[in-house]
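Visitor: Okay, so here is query.cif, and as you'll see once you scroll down, it has mmCIF, C-alpha atoms.
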data_entry
loop_
_atom_site.label_atom_id
_atom_site.label_comp_id
_atom_site.auth_asym_id
_atom_site.auth_seq_id
_atom_site.Cartn_x
_atom_site.Cartn_y
_atom_site.Cartn_z
CA ARG A 1 107.02 86.80 52.59
CA HIS A 2 104.28 87.50 50.08
CA PHE A 3 100.51 87.58 49.98
CA GLN A 4 98.36 85.90 47.35
CA ILE A 5 95.06 87.67 46.64
CA ALA A 6 92.56 85.55 44.69
CA THR A 7 89.75 87.60 43.13
CA GLU A 8 86.28 86.56 41.99
CA SER A 9 87.35 87.13 38.37
CA GLY A 10 89.95 84.39 38.72
CA ILE A 11 92.95 86.72 38.66
CA THR A 12 95.50 86.22 41.44
CA TYR A 13 97.74 89.04 42.60
CA THR A 14 100.98 88.75 44.55
CA ALA A 15 102.07 91.55 46.88
CA ARG A 16 104.51 92.28 49.67
CA SER A 17 102.03 94.34 51.67
CA LEU A 18 98.29 94.81 51.92
CA VAL A 19 96.00 97.68 52.90
CA LEU A 20 92.54 96.55 53.97
CA ALA A 21 90.10 99.38 53.32
CA MET A 22 86.81 97.75 52.37
CA GLY A 23 84.84 99.48 55.11
CA THR A 24 81.98 97.84 56.94
CA SER A 25 78.56 96.84 55.71
CA ARG A 26 75.73 98.28 57.75
CA ASN A 27 72.94 95.91 58.72
CA ARG A 28 69.80 96.76 56.77
CA LEU A 29 66.14 96.67 57.63
CA GLY A 30 65.18 95.21 54.28
CA VAL A 31 61.90 97.11 53.96
CA PRO A 32 60.39 99.01 51.03
CA GLY A 33 61.72 102.55 50.75
CA GLU A 34 64.98 101.91 52.57
CA LYS A 35 67.16 101.56 49.47
CA GLU A 36 65.18 104.04 47.36
CA LEU A 37 65.42 106.84 49.95
CA LEU A 38 69.00 106.29 51.07
CA GLY A 39 70.64 109.70 51.15
CA LYS A 40 67.21 111.30 50.82
CA GLY A 41 66.31 111.08 54.49
CA VAL A 42 67.44 107.53 55.23
CA SER A 43 70.81 107.37 57.00
CA TYR A 44 72.93 104.87 58.92
CA CYS A 45 75.02 107.49 60.73
CA VAL A 46 73.67 109.98 63.28
CA ASP A 47 77.04 111.69 63.68
CA CYS A 48 77.36 112.13 59.90
CA ASP A 49 73.87 113.33 59.01
CA GLY A 50 72.10 114.37 62.20
CA MET A 51 72.66 118.10 61.69
CA PHE A 52 70.78 118.01 58.38
CA PHE A 53 67.57 117.52 60.37
CA ARG A 54 67.77 120.42 62.79
CA ASN A 55 64.32 121.29 64.11
CA GLU A 56 62.69 118.50 62.12
CA PRO A 57 61.05 115.26 63.30
CA VAL A 58 63.19 112.14 63.05
CA VAL A 59 62.95 108.44 63.81
CA ILE A 60 65.80 106.17 64.86
CA ILE A 61 65.41 102.41 64.50
CA GLY A 62 67.24 99.98 66.73
CA GLY A 63 67.06 98.38 70.15
CA ARG A 64 70.62 98.49 71.48
CA SER A 65 72.80 101.11 73.15
CA ALA A 66 74.05 102.52 69.83
CA ALA A 67 70.49 103.42 68.82
CA ALA A 68 69.76 104.84 72.27
CA GLY A 69 72.91 106.95 72.12
CA GLY A 70 71.96 108.18 68.67
CA ALA A 71 68.52 109.12 69.93
CA LEU A 72 70.05 111.19 72.73
CA THR A 73 72.26 113.00 70.22
CA LEU A 74 69.31 113.67 67.94
CA SER A 75 67.22 114.96 70.87
CA GLU A 76 69.52 118.00 70.96
CA ILE A 77 69.08 118.63 67.23
CA ALA A 78 65.66 117.53 65.99
CA SER A 79 62.24 118.89 66.87
CA SER A 80 61.15 115.42 67.99
CA VAL A 81 62.73 111.99 68.20
CA SER A 82 61.03 108.60 68.17
CA LEU A 83 62.98 105.42 68.84
CA VAL A 84 61.36 102.35 67.29
CA ALA A 85 62.47 98.84 68.24
CA SER A 86 61.02 95.36 68.25
CA GLU A 87 62.82 94.97 71.59
CA LEU A 88 64.62 97.66 73.60
CA ASP A 89 67.63 95.94 75.14
CA VAL A 90 69.37 98.71 77.11
CA ALA A 91 70.02 99.38 80.79
CA ALA A 92 67.33 101.04 82.89
CA PRO A 93 69.39 104.22 83.52
CA LEU A 94 69.73 104.72 79.76
CA VAL A 95 65.99 104.28 79.30
CA ALA A 96 65.48 106.95 81.97
CA ARG A 97 67.82 109.31 80.11
CA LEU A 98 65.87 108.76 76.91
CA LYS A 99 62.61 109.63 78.62
CA ASP A 100 64.13 112.68 80.30
CA ALA A 101 65.35 113.87 76.89
CA GLY A 102 61.82 113.63 75.50
CA VAL A 103 62.48 110.68 73.20
CA THR A 104 59.30 108.78 72.35
CA LEU A 105 59.84 105.03 72.80
CA ILE A 106 57.87 102.76 70.49
CA THR A 107 58.66 99.12 71.21
CA GLU A 108 57.39 95.63 70.41
CA VAL A 109 56.65 96.63 66.84
CA GLU A 110 58.34 96.18 63.47
CA ILE A 111 58.72 98.46 60.47
CA ALA A 112 56.55 97.83 57.39
CA SER A 113 57.99 100.51 55.11
CA ILE A 114 59.80 103.82 54.93
CA ASP A 115 57.59 106.27 53.09
CA GLY A 116 58.24 109.17 50.74
CA THR A 117 58.69 110.02 47.08
CA ASP A 118 61.69 112.27 46.57
CA THR A 119 62.49 112.50 50.28
CA VAL A 120 61.44 110.69 53.44
CA SER A 121 58.03 111.69 54.74
CA GLY A 122 57.68 109.07 57.47
CA LEU A 123 57.31 105.38 58.01
CA THR A 124 54.60 102.77 58.45
CA LEU A 125 54.60 100.22 61.25
CA LYS A 126 53.34 96.68 60.86
CA ASP A 127 50.54 97.36 63.33
CA GLY A 128 49.17 99.97 60.92
CA ARG A 129 50.40 103.10 62.67
CA THR A 130 52.28 105.78 60.73
CA LEU A 131 54.95 108.18 61.95
CA THR A 132 55.85 111.49 60.38
CA ALA A 133 59.57 112.06 59.93
CA ALA A 134 61.95 114.02 57.74
CA GLY A 135 64.79 111.65 58.61
CA VAL A 136 65.02 107.96 59.45
CA PHE A 137 68.22 106.70 61.09
CA ILE A 138 68.81 102.95 61.02
CA GLU A 139 71.10 101.78 63.81
CA LEU A 140 71.22 97.99 63.67
CA GLY A 141 74.97 97.62 63.88
CA ALA A 142 77.44 96.56 61.21
CA LYS A 143 78.51 93.24 59.79
CA GLY A 144 81.77 92.19 61.39
CA VAL A 145 85.09 91.16 59.94
CA LEU A 146 85.51 87.90 61.83
CA GLU A 147 85.79 85.74 58.70
CA LEU A 148 88.50 87.93 57.20
CA ALA A 149 90.30 88.24 60.53
CA SER A 150 90.35 84.52 61.13
CA SER A 151 91.70 83.73 57.66
CA LEU A 152 94.58 86.18 58.05
CA GLY A 153 95.10 85.84 61.78
CA LEU A 154 94.26 89.50 62.37
CA GLY A 155 93.71 90.80 65.88
CA LEU A 156 90.42 92.53 66.69
CA ASP A 157 89.67 95.39 69.05
CA ASP A 158 87.95 94.98 72.43
CA SER A 159 84.50 95.00 70.82
CA MET A 160 85.50 92.09 68.55
CA LYS A 161 83.95 93.99 65.63
CA TYR A 162 86.85 95.89 64.09
CA VAL A 163 90.46 95.27 63.08
CA ALA A 164 92.94 96.51 65.68
CA VAL A 165 95.69 98.82 64.38
CA ASP A 166 98.40 101.02 65.85
CA ARG A 167 99.14 104.67 65.00
CA GLU A 168 100.91 103.54 61.84
CA GLN A 169 97.77 101.62 60.78
CA ARG A 170 99.66 98.34 61.20
CA THR A 171 97.78 95.21 62.20
CA ASN A 172 99.37 92.41 64.22
CA VAL A 173 100.29 90.65 60.96
CA ALA A 174 103.48 91.97 59.37
CA GLY A 175 102.78 93.64 56.04
CA VAL A 176 99.03 94.00 56.61
CA PHE A 177 97.66 97.50 57.22
CA ALA A 178 94.05 98.65 57.64
CA ALA A 179 92.26 101.96 57.30
CA GLY A 180 88.79 103.47 57.46
CA ASP A 181 85.57 102.05 58.88
CA ILE A 182 87.09 98.57 59.17
CA THR A 183 89.23 99.89 62.05
CA GLY A 184 86.24 101.22 63.98
CA PRO A 185 84.45 104.47 64.78
CA PRO A 186 84.10 107.30 64.20
CA LEU A 187 82.82 106.15 60.81
CA GLN A 188 83.69 109.40 59.06
CA ILE A 189 85.19 110.19 55.65
CA ALA A 190 87.82 112.47 57.20
CA LYS A 191 89.07 109.63 59.41
CA ALA A 192 89.13 107.17 56.52
CA VAL A 193 91.07 109.55 54.25
CA GLY A 194 93.66 110.29 56.93
CA GLU A 195 94.11 106.65 57.87
CA GLY A 196 94.28 105.65 54.22
CA CYS A 197 97.13 108.10 53.64
CA VAL A 198 99.08 106.78 56.64
CA ALA A 199 98.42 103.14 55.72
CA GLY A 200 99.39 103.64 52.08
CA ILE A 201 102.68 105.32 52.90
CA ASN A 202 103.63 102.72 55.49
CA ALA A 203 102.57 99.80 53.30
CA ALA A 204 104.72 101.14 50.46
CA THR A 205 107.65 101.60 52.82
CA HIS A 206 107.24 98.05 54.12
CA ALA A 207 107.15 96.63 50.59
CA LYS A 208 110.23 98.62 49.57
CA LYS A 209 112.23 97.43 52.57
CA LEU A 210 111.19 93.83 51.94
CA LYS A 211 112.09 94.10 48.25
CA THR A 212 115.53 95.46 49.15
CA ALA A 213 116.11 92.65 51.64
CA GLN A 214 115.04 89.99 49.15
CA THR A 215 117.24 91.46 46.43
CA ASP A 216 120.20 91.36 48.79
CA GLU A 217 119.39 87.73 49.58
CA GLY A 218 118.93 86.83 45.93
CA ASP A 219 115.27 85.73 46.26
CA ASP A 220 114.37 84.49 42.78
CA ASN A 221 110.74 83.95 43.82
CA ALA A 222 110.11 87.60 44.69
CA PRO A 223 107.28 89.17 42.66
CA LYS A 224 108.55 91.47 39.92
CA ASP A 225 105.60 93.89 39.89
CA ALA A 226 104.12 94.04 43.40
#
Would you write the structure of this file as structure tokens?
Guide:
Amino acid sequence: RHFQIATESGITYTARSLVLAMGTSRNRLGVPGEKELLGKGVSYCVDCDGMFFRNEPVVIIGGRSAAAGGALTLSEIASSVSLVASELDVAAPLVARLKDAGVTLITEVEIASIDGTDTVSGLTLKDGRTLTAAGVFIELGAKGVLELASSLGLGLDDSMKYVAVDREQRTNVAGVFAAGDITGPPLQIAKAVGEGCVAGINAATHAKKLKTAQTDEGDDNAPKDA
């Protein structure tokens, strides 16, 4: 009836309910300038930051449908959009839509660095070419939660990338709730805050009901402070 949480510091906590809200880790390029210019022109979310680059040149990096979709969104905002990918792995109709939207496709090339001092000024490709850009959007997907899900027996959504929850933020495991990016898009602060509120209230209610039931049953092993 209880969960044991072992931390890296060696401390173990016991609880009647859990709220998983660690978000997701975006896949990184790992090139010079990426970390230094994060929030200064480098972004991992078109929906979050696209409007900051209205009428300015931008580059989106990635070869899958998420990057292509982001490029289409940016084509309605930015002055120009270039999509850079080592391999463009999307359906032909989507490629046609990109071309119709005026997106410049640069494929079979890798990124050498993201350039700029205080803000992004562009990027350099490994073939020596440079691109001018005020914003660089990196869309390489996010690290999944398969390891966590398998250890707890959590169900995933249809994409097999995020934890599946209901409207109460409950997972398929009794007492385990999830909120924020770990439950899937849109990866927005407003969504995370709202889900966190719902999950917290319901997790507390679950723990209170379980505590009452255990007290009635005389459970001497129930945690005294969880």
Visitor: What's the separation between CA of Ala15 in chain A and CA of Asp158 in chain A, in Å to one decimal place?
Guide: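 Atom-to-atom, CA of Ala15 in chain A to CA of Asp158 in chain A, that is 29.4 Å.
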Visitor: Per residue of range 103-126 of chain A within 9 Å of range 82-96 of chain A, note the shortest atom pair and the distance in Å to one decimal, counting all atoms listed in the file, and order the rows by chain and increasing residue number, as a Markdown table.
Guide:
| residue | atom | partner | partner_atom | distance |
| --- | --- | --- | --- | --- |
| A:Val103 | CA | A:Ser82 | CA | 5.6 |
| A:Thr104 | CA | A:Ser82 | CA | 4.5 |
| A:Leu105 | CA | A:Leu83 | CA | 5.1 |
| A:Ile106 | CA | A:Val84 | CA | 4.8 |
| A:Thr107 | CA | A:Ala85 | CA | 4.8 |
| A:Glu108 | CA | A:Ser86 | CA | 4.2 |
| A:Val109 | CA | A:Ser86 | CA | 4.8 |
| A:Glu110 | CA | A:Ser86 | CA | 5.5 |
| A:Ile111 | CA | A:Val84 | CA | 8.3 |
Visitor: Just give me the gap between CA of Ile182 in chain A and CA of Arg54 in chain A in Å, one decimal is fine.
Guide: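 Going from CA of Ile182 in chain A over to CA of Arg54 in chain A, I get 29.4 Å.
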Visitor: Between CA of Gly153 in chain A and CA of Ala213 in chain A, measure the distance and give it in Å to one decimal.
Guide: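 So the answer is 24.3 Å.
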Visitor: Let me make sure I understand: among A:Leu38, A:Val59, A:Cys48, A:Ala142, which one has the smallest atom-to-atom distance to Pro186 in chain A if we use all atoms listed in the file?
Guide: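 When distances to Pro186 in chain A are compared using all atoms listed in the file, the smallest one comes from A:Cys48.
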Visitor: A:Ala21, A:Lys208, A:Gly62, A:Asn55: which is nearest Lys191 in chain A, counting all atoms listed in the file?
Guide: A:Ala21
Visitor: For range 55-68 of chain A, supply N, CA and C atoms and format the output as a PDB file, in the frame of the given file.
Guide:
ATOM      1  N   ASN A  55      65.701 120.822  63.924  1.00  0.00           N
ATOM      2  CA  ASN A  55      64.320 121.290  64.110  1.00  0.00           C
ATOM      3  C   ASN A  55      63.310 120.566  63.236  1.00  0.00           C
ATOM      4  N   GLU A  56      63.627 119.323  62.873  1.00  0.00           N
ATOM      5  CA  GLU A  56      62.690 118.500  62.120  1.00  0.00           C
ATOM      6  C   GLU A  56      62.460 117.181  62.858  1.00  0.00           C
ATOM      7  N   PRO A  57      61.322 116.542  62.626  1.00  0.00           N
ATOM      8  CA  PRO A  57      61.050 115.260  63.300  1.00  0.00           C
ATOM      9  C   PRO A  57      61.855 114.128  62.692  1.00  0.00           C
ATOM     10  N   VAL A  58      62.406 113.273  63.543  1.00  0.00           N
ATOM     11  CA  VAL A  58      63.190 112.140  63.050  1.00  0.00           C
ATOM     12  C   VAL A  58      62.805 110.883  63.811  1.00  0.00           C
ATOM     13  N   VAL A  59      63.146 109.747  63.198  1.00  0.00           N
ATOM     14  CA  VAL A  59      62.950 108.440  63.810  1.00  0.00           C
ATOM     15  C   VAL A  59      64.269 107.693  63.773  1.00  0.00           C
ATOM     16  N   ILE A  60      64.625 107.041  64.857  1.00  0.00           N
ATOM     17  CA  ILE A  60      65.800 106.170  64.860  1.00  0.00           C
ATOM     18  C   ILE A  60      65.341 104.753  65.156  1.00  0.00           C
ATOM     19  N   ILE A  61      65.858 103.801  64.400  1.00  0.00           N
ATOM     20  CA  ILE A  61      65.410 102.410  64.500  1.00  0.00           C
ATOM     21  C   ILE A  61      66.537 101.550  65.055  1.00  0.00           C
ATOM     22  N   GLY A  62      66.247 100.851  66.120  1.00  0.00           N
ATOM     23  CA  GLY A  62      67.240  99.980  66.730  1.00  0.00           C
ATOM     24  C   GLY A  62      66.969  99.814  68.208  1.00  0.00           C
ATOM     25  N   GLY A  63      67.398  98.665  68.763  1.00  0.00           N
ATOM     26  CA  GLY A  63      67.060  98.380  70.150  1.00  0.00           C
ATOM     27  C   GLY A  63      68.237  98.261  71.089  1.00  0.00           C
ATOM     28  N   ARG A  64      69.444  98.612  70.627  1.00  0.00           N
ATOM     29  CA  ARG A  64      70.620  98.490  71.480  1.00  0.00           C
ATOM     30  C   ARG A  64      71.145  99.869  71.878  1.00  0.00           C
ATOM     31  N   SER A  65      72.267  99.866  72.594  1.00  0.00           N
ATOM     32  CA  SER A  65      72.800 101.110  73.150  1.00  0.00           C
ATOM     33  C   SER A  65      73.202 102.110  72.068  1.00  0.00           C
ATOM     34  N   ALA A  66      73.666 101.617  70.907  1.00  0.00           N
ATOM     35  CA  ALA A  66      74.050 102.520  69.830  1.00  0.00           C
ATOM     36  C   ALA A  66      72.861 103.343  69.360  1.00  0.00           C
ATOM     37  N   ALA A  67      71.696 102.705  69.232  1.00  0.00           N
ATOM     38  CA  ALA A  67      70.490 103.420  68.820  1.00  0.00           C
ATOM     39  C   ALA A  67      70.052 104.392  69.909  1.00  0.00           C
ATOM     40  N   ALA A  68      70.133 103.969  71.159  1.00  0.00           N
ATOM     41  CA  ALA A  68      69.760 104.840  72.270  1.00  0.00           C
ATOM     42  C   ALA A  68      70.672 106.066  72.322  1.00  0.00           C
TER      43      ALA A  68
END
